[in-house]
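Next comes entry.txt, a file with compact mmCIF, C-alpha atoms.
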```txt
# COMPACT_ATOMS: atom_id res chain seq x y z
CA MET A 22 66.80 60.93 -23.81
CA ASN A 23 68.79 64.11 -23.58
CA SER A 24 66.73 65.45 -20.68
CA HIS A 25 67.23 62.12 -18.94
CA ALA A 26 70.99 62.52 -19.20
CA THR A 27 70.79 66.07 -17.84
CA LEU A 28 68.61 64.91 -14.98
CA LEU A 29 71.03 62.12 -14.15
CA ALA A 30 73.99 64.50 -14.32
CA CYS A 31 72.20 66.82 -11.91
CA ALA A 32 71.42 63.93 -9.56
CA ALA A 33 75.05 62.76 -9.66
CA ALA A 34 76.32 66.27 -8.98
CA MET A 35 73.89 66.66 -6.06
CA LEU A 36 74.97 63.30 -4.63
CA ALA A 37 78.62 64.30 -4.91
CA ALA A 38 77.86 67.62 -3.21
CA ALA A 39 75.89 65.87 -0.44
CA LEU A 40 78.69 63.39 0.21
CA GLY A 41 81.20 66.21 0.00
CA GLY A 42 79.21 68.01 2.67
CA CYS A 43 80.15 65.25 5.11
CA ALA A 44 83.81 65.60 4.16
CA THR A 45 83.85 69.30 4.99
CA MET A 46 83.06 68.50 8.65
CA THR A 47 86.75 68.56 9.54
CA PRO A 48 87.86 68.16 13.15
CA PRO A 49 89.09 71.35 14.86
CA LYS A 50 92.68 72.34 14.23
CA PRO A 51 95.14 72.11 17.15
CA TRP A 52 94.91 75.87 17.75
CA GLU A 53 91.10 75.81 17.72
CA LYS A 54 90.64 73.53 20.73
CA GLY A 55 90.19 76.26 23.32
CA ASP A 56 86.53 75.49 23.87
CA LEU A 57 87.19 71.75 24.11
CA ALA A 58 89.84 72.38 26.77
CA ARG A 59 87.40 74.17 29.09
CA PRO A 60 86.85 72.39 32.43
CA ASP A 61 83.08 72.18 31.86
CA MET A 62 83.71 70.37 28.57
CA GLN A 63 85.42 67.41 30.27
CA PHE A 64 83.68 64.06 30.69
CA ASP A 65 84.35 64.25 34.43
CA ALA A 66 83.97 67.89 35.28
CA ASP A 67 84.27 67.26 39.05
CA PRO A 68 87.24 65.02 39.97
CA LEU A 69 85.93 64.31 43.49
CA ASP A 70 82.54 63.27 42.16
CA ALA A 71 84.19 61.08 39.55
CA LYS A 72 86.32 59.38 42.20
CA LEU A 73 83.32 58.69 44.42
CA GLU A 74 81.33 57.31 41.54
CA GLN A 75 84.20 55.10 40.49
CA HIS A 76 84.62 53.83 44.05
CA VAL A 77 80.96 52.82 44.34
CA TYR A 78 80.97 51.29 40.88
CA THR A 79 84.09 49.25 41.61
CA SER A 80 82.85 47.94 44.93
CA LYS A 81 79.58 46.84 43.36
CA GLU A 82 81.01 45.43 40.17
CA VAL A 83 84.34 44.10 41.34
CA THR A 84 84.12 40.81 39.45
CA GLY A 85 83.84 42.79 36.27
CA GLY A 86 87.18 44.49 36.87
CA GLY A 87 87.79 47.91 38.26
CA TYR A 88 90.32 50.63 38.77
CA GLY A 89 92.50 49.11 41.44
CA VAL A 90 90.12 49.10 44.42
CA GLY A 91 88.90 45.62 45.30
CA GLY A 92 85.90 44.74 47.44
CA GLY A 93 83.36 42.10 48.28
CA GLY A 94 80.42 43.70 46.58
CA CYS A 95 78.97 45.05 49.79
CA GLY A 96 79.81 48.65 48.93
CA CYS A 97 81.33 49.15 52.35
CA ASN A 98 85.05 49.52 51.62
CA MET B 15 69.50 55.72 -21.64
CA SER B 16 72.36 53.24 -21.80
CA ILE B 17 74.49 52.04 -18.93
CA THR B 18 77.71 53.33 -20.52
CA SER B 19 76.44 56.91 -20.68
CA THR B 20 75.25 56.63 -17.07
CA LEU B 21 78.72 55.44 -16.07
CA ARG B 22 80.30 58.30 -17.99
CA VAL B 23 78.20 60.85 -16.09
CA VAL B 24 78.99 59.27 -12.73
CA ARG B 25 82.68 59.13 -13.58
CA ARG B 26 82.67 62.83 -14.49
CA ALA B 27 80.95 63.72 -11.19
CA ALA B 28 83.53 61.65 -9.29
CA LEU B 29 86.38 63.41 -11.08
CA ILE B 30 84.94 66.84 -10.31
CA SER B 31 84.50 66.06 -6.60
CA PHE B 32 88.01 64.56 -6.45
CA LEU B 33 89.52 67.72 -7.94
CA ALA B 34 87.48 69.90 -5.60
CA PHE B 35 88.87 68.07 -2.54
CA THR B 36 92.42 68.04 -3.86
CA PHE B 37 92.54 71.79 -4.18
CA THR B 38 90.80 72.59 -0.91
CA SER B 39 93.09 70.41 1.25
CA PRO B 40 94.90 72.29 4.05
CA ALA B 41 98.45 73.54 3.78
CA CYS B 42 101.24 71.07 4.47
CA ALA B 43 103.19 71.23 7.71
CA LEU B 44 106.41 73.20 7.67
CA ALA B 45 109.51 70.98 7.62
CA VAL B 46 113.20 71.44 8.36
CA GLY B 47 114.90 73.24 5.48
CA ASP B 48 111.79 75.12 4.33
CA PRO B 49 111.88 78.91 4.20
CA ALA B 50 109.82 80.31 7.09
CA PRO B 51 106.61 81.88 5.76
CA GLY B 52 106.40 85.55 6.67
CA PHE B 53 103.88 87.09 9.00
CA ALA B 54 103.00 90.57 10.21
CA LEU B 55 101.03 90.61 13.47
CA LEU B 56 100.25 93.11 16.20
CA ASP B 57 101.85 92.96 19.62
CA SER B 58 100.18 94.00 22.89
CA THR B 59 101.03 97.68 22.31
CA GLY B 60 99.47 97.63 18.85
CA GLU B 61 102.76 97.70 17.01
CA LEU B 62 103.12 95.62 13.84
CA VAL B 63 105.89 93.02 14.03
CA SER B 64 106.93 91.18 10.90
CA LEU B 65 109.25 88.22 10.49
CA ASP B 66 111.10 89.96 7.63
CA ARG B 67 112.24 92.76 9.95
CA LEU B 68 113.94 90.19 12.19
CA ARG B 69 115.99 88.68 9.34
CA GLY B 70 119.62 88.23 10.31
CA ARG B 71 118.82 87.08 13.82
CA VAL B 72 118.20 83.57 15.07
CA ILE B 73 114.45 83.42 15.71
CA TYR B 74 112.51 81.08 17.97
CA VAL B 75 108.83 81.13 16.98
CA ASP B 76 106.35 79.55 19.39
CA PHE B 77 102.59 79.09 19.00
CA TRP B 78 100.72 79.08 22.33
CA ALA B 79 97.27 79.43 23.89
CA SER B 80 96.03 80.23 27.39
CA TRP B 81 94.18 76.90 27.65
CA CYS B 82 97.29 74.85 26.90
CA GLY B 83 99.04 73.37 29.95
CA PRO B 84 102.48 72.64 28.45
CA CYS B 85 102.54 76.22 27.10
CA ARG B 86 102.39 77.49 30.68
CA ARG B 87 105.38 75.33 31.61
CA SER B 88 107.37 76.54 28.60
CA PHE B 89 107.17 80.23 29.52
CA PRO B 90 109.74 80.29 32.37
CA TRP B 91 112.11 78.35 30.10
CA MET B 92 111.66 80.87 27.29
CA ASN B 93 112.21 83.77 29.71
CA GLU B 94 115.48 82.13 30.72
CA LEU B 95 116.36 81.56 27.05
CA ARG B 96 115.91 85.24 26.30
CA ARG B 97 117.98 86.29 29.31
CA ARG B 98 120.86 84.04 28.21
CA TYR B 99 120.92 84.53 24.45
CA LEU B 100 119.37 87.90 23.59
CA ASP B 101 122.76 89.59 23.31
CA GLN B 102 124.07 86.77 21.14
CA GLY B 103 121.36 87.34 18.54
CA LEU B 104 118.33 85.29 19.61
CA THR B 105 114.82 86.71 19.24
CA ILE B 106 111.85 84.89 20.75
CA VAL B 107 108.47 85.52 19.15
CA CYS B 108 105.43 83.86 20.68
CA ILE B 109 102.22 83.89 18.70
CA ASN B 110 99.04 83.62 20.74
CA VAL B 111 96.11 81.85 19.07
CA ASP B 112 93.39 82.48 21.68
CA LYS B 113 90.05 83.55 20.25
CA LYS B 114 89.66 86.07 23.06
CA LYS B 115 92.60 88.33 23.75
CA THR B 116 91.48 88.76 27.38
CA ASP B 117 92.20 85.04 27.99
CA ALA B 118 95.78 85.59 26.84
CA GLU B 119 96.12 88.71 28.97
CA ARG B 120 94.92 86.84 32.07
CA PHE B 121 97.45 84.09 31.34
CA LEU B 122 100.23 86.66 31.01
CA LEU B 123 99.37 88.18 34.38
CA GLN B 124 99.92 84.78 36.02
CA THR B 125 102.81 83.77 33.75
CA PRO B 126 104.81 86.86 32.83
CA ALA B 127 106.74 86.89 29.56
CA SER B 128 109.82 88.98 28.83
CA PHE B 129 109.74 88.20 25.10
CA THR B 130 107.58 89.40 22.19
CA ILE B 131 103.96 88.27 22.21
CA LEU B 132 101.95 88.58 19.01
CA TYR B 133 98.25 87.94 18.56
CA ASP B 134 96.60 85.91 15.80
CA ALA B 135 93.03 85.19 16.88
CA ALA B 136 92.00 84.30 13.33
CA GLY B 137 94.58 81.51 13.21
CA ALA B 138 95.96 82.40 9.76
CA THR B 139 99.61 82.01 10.80
CA PRO B 140 99.32 78.57 12.47
CA ASN B 141 97.39 77.46 9.39
CA THR B 142 100.14 78.59 7.02
CA TRP B 143 102.83 77.09 9.22
CA GLY B 144 100.91 73.83 9.52
CA VAL B 145 100.91 73.71 13.31
CA ARG B 146 100.21 70.11 14.40
CA ALA B 147 100.10 70.45 18.19
CA MET B 148 100.01 73.03 20.96
CA PRO B 149 102.53 74.37 21.70
CA SER B 150 104.56 74.17 18.48
CA SER B 151 107.91 75.84 18.07
CA TYR B 152 110.18 76.54 15.14
CA LEU B 153 113.82 77.51 15.17
CA ILE B 154 114.76 79.77 12.27
CA ASP B 155 118.32 80.57 11.22
CA ARG B 156 119.75 83.92 10.14
CA GLN B 157 118.87 83.20 6.50
CA GLY B 158 115.20 82.64 7.36
CA ARG B 159 115.17 78.87 7.02
CA VAL B 160 113.53 76.44 9.43
CA VAL B 161 116.23 74.53 11.33
CA ALA B 162 114.13 72.67 13.89
CA VAL B 163 110.47 71.92 14.53
CA GLU B 164 109.15 70.87 17.92
CA ALA B 165 105.60 69.86 18.82
CA GLY B 166 104.64 69.94 22.47
CA PHE B 167 106.90 70.88 25.38
CA THR B 168 108.91 68.76 27.78
CA GLU B 169 111.88 69.82 29.90
CA GLU B 170 114.13 67.14 28.34
CA ARG B 171 113.42 68.20 24.78
CA ALA B 172 113.79 71.84 25.78
CA ALA B 173 117.39 71.08 26.80
CA GLY B 174 118.03 69.64 23.33
CA MET B 175 116.48 72.71 21.73
CA GLU B 176 118.69 75.01 23.81
CA GLU B 177 121.74 73.08 22.59
CA ARG B 178 120.65 73.61 18.99
CA ILE B 179 120.06 77.31 19.60
CA ARG B 180 123.52 77.68 21.11
CA LYS B 181 125.13 75.94 18.11
CA LEU B 182 123.18 78.10 15.68
CA LEU B 183 124.22 81.29 17.48
CA GLU B 184 127.87 80.24 17.37
CA SER B 185 127.82 79.63 13.60
CA LYS B 186 127.57 83.07 12.04
```
Exercise: express the given structure as structure tokens:
Amino acid sequence: MNSHATLLACAAAMLAAALGGCATMTPPKPWEKGDLARPDMQFDADPLDAKLEQHVYTSKEVTGGGYGVGGGGCGCN
Amino acid sequence: MSITSTLRVVRRAALISFLAFTFTSPACALAVGDPAPGFALLDSTGELVSLDRLRGRVIYVDFWASWCGPCRRSFPWMNELRRRYLDQGLTIVCINVDKKKTDAERFLLQTPASFTILYDAAGATPNTWGVRAMPSSYLIDRQGRVVAVEAGFTEERAAGMEERIRKLLESK
């Protein structure tokens, strides 16, 4: 009985610690974002490449919306 | 083992974890009216500069980093601020928070600064001051109290800040 209670207390403490482990994963502070601000950390590292990709995507998928460039779906504009 | 004793154990574990989180939460952001927490940091020549030694002057404290775009835009404005108000009792102290000092030095070659630059790579000062954005600036009066807090930098808000600095310098 007593050992059961101890075991349960240990299990509860471990669960709390495990859940607490998730809580300690805090996002970086404003002054710690130097690495995130690096050019090679951006989603679109190359602006020219991103523009070209967006242009092709828009001309192919124009019925699904786009970023301001319309087209007939032929990929030629 | 009964359900009530199980509940009691779980409740105790919950209380312990709650207390643990309460006391490990980060410091609160500095607000207008608070006394400015002191700091003692090294400048580029290796000299120790402390906030206490500047007491009696109006102090403009700015937190910046080399990777921060608005910080770059704020530097010419702060140079101008120093030129205009140094003799009237304004001191500008800019605390760099770059992890690598060489990044800051490269920035300063491109964007020269006429004011004091201090280095806090560990980030202890911005943590104590509760910096919420980059850049963040704090205007401190002659008694060492925070008079204004600004997060980010825009030319329009800089004009408002200059107005406040001028008023503060006029009131002895």
Nearest to Ile179 in chain B by atom-to-atom distance, counting all atoms listed in the file, from B:Tyr99, B:Tyr133, B:Trp143, B:Phe121
B:Tyr99
So which residues touch Lys54 in chain A within 10 Å, counting all atoms listed in the file, skipping near sequence neighbours fewer than 5 positions away, as a PDB file with C-alpha atoms, in the coordinates of the input?
```pdb
ATOM      1  CA  PRO A  48      87.860  68.160  13.150  1.00  0.00           C
ATOM      2  CA  PRO A  49      89.090  71.350  14.860  1.00  0.00           C
ATOM      3  CA  ARG A  59      87.400  74.170  29.090  1.00  0.00           C
TER       4      ARG A  59
ATOM      5  CA  ALA B  79      97.270  79.430  23.890  1.00  0.00           C
ATOM      6  CA  TRP B  81      94.180  76.900  27.650  1.00  0.00           C
ATOM      7  CA  CYS B  82      97.290  74.850  26.900  1.00  0.00           C
ATOM      8  CA  ASP B 112      93.390  82.480  21.680  1.00  0.00           C
ATOM      9  CA  MET B 148     100.010  73.030  20.960  1.00  0.00           C
TER      10      MET B 148
END
```
When you get a sec, could you note down which chain A residues fall within 8 Å of chain B, using only C-alpha atoms, as a list of chain:residue names?
A:Met22, A:His25, A:Ala26, A:Leu29, A:Ala30, A:Ala33, A:Ala34, A:Ala37, A:Ala38, A:Gly41, A:Lys50, A:Pro51, A:Trp52, A:Glu53, A:Gly55, A:Ala58, A:Arg59
Computed interatomic separation between CA of Asp65 in chain A and CA of Gln124 in chain B (Å)
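Value for the CA of Asp65 in chain A-CA of Gln124 in chain B distance: 25.8 Å.
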Pairwise distance for CA of Phe167 in chain B and CA of Pro84 in chain B, rounded to one decimal in Å:
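Those two atoms sit 5.7 Å apart.
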Enter the distance from CA of Ser88 in chain B to CA of Ala172 in chain B, in Å, rounded to one decimal.
8.4 Å
Box dimensions and centre (Å, one decimal) enclosing range 117-127 of chain B, axis-aligned, 5 Å extra per side, as JSON:
```
{"center_x": 99.5, "center_y": 86.2, "center_z": 31.4, "size_x": 24.5, "size_y": 14.9, "size_z": 19.2}
```
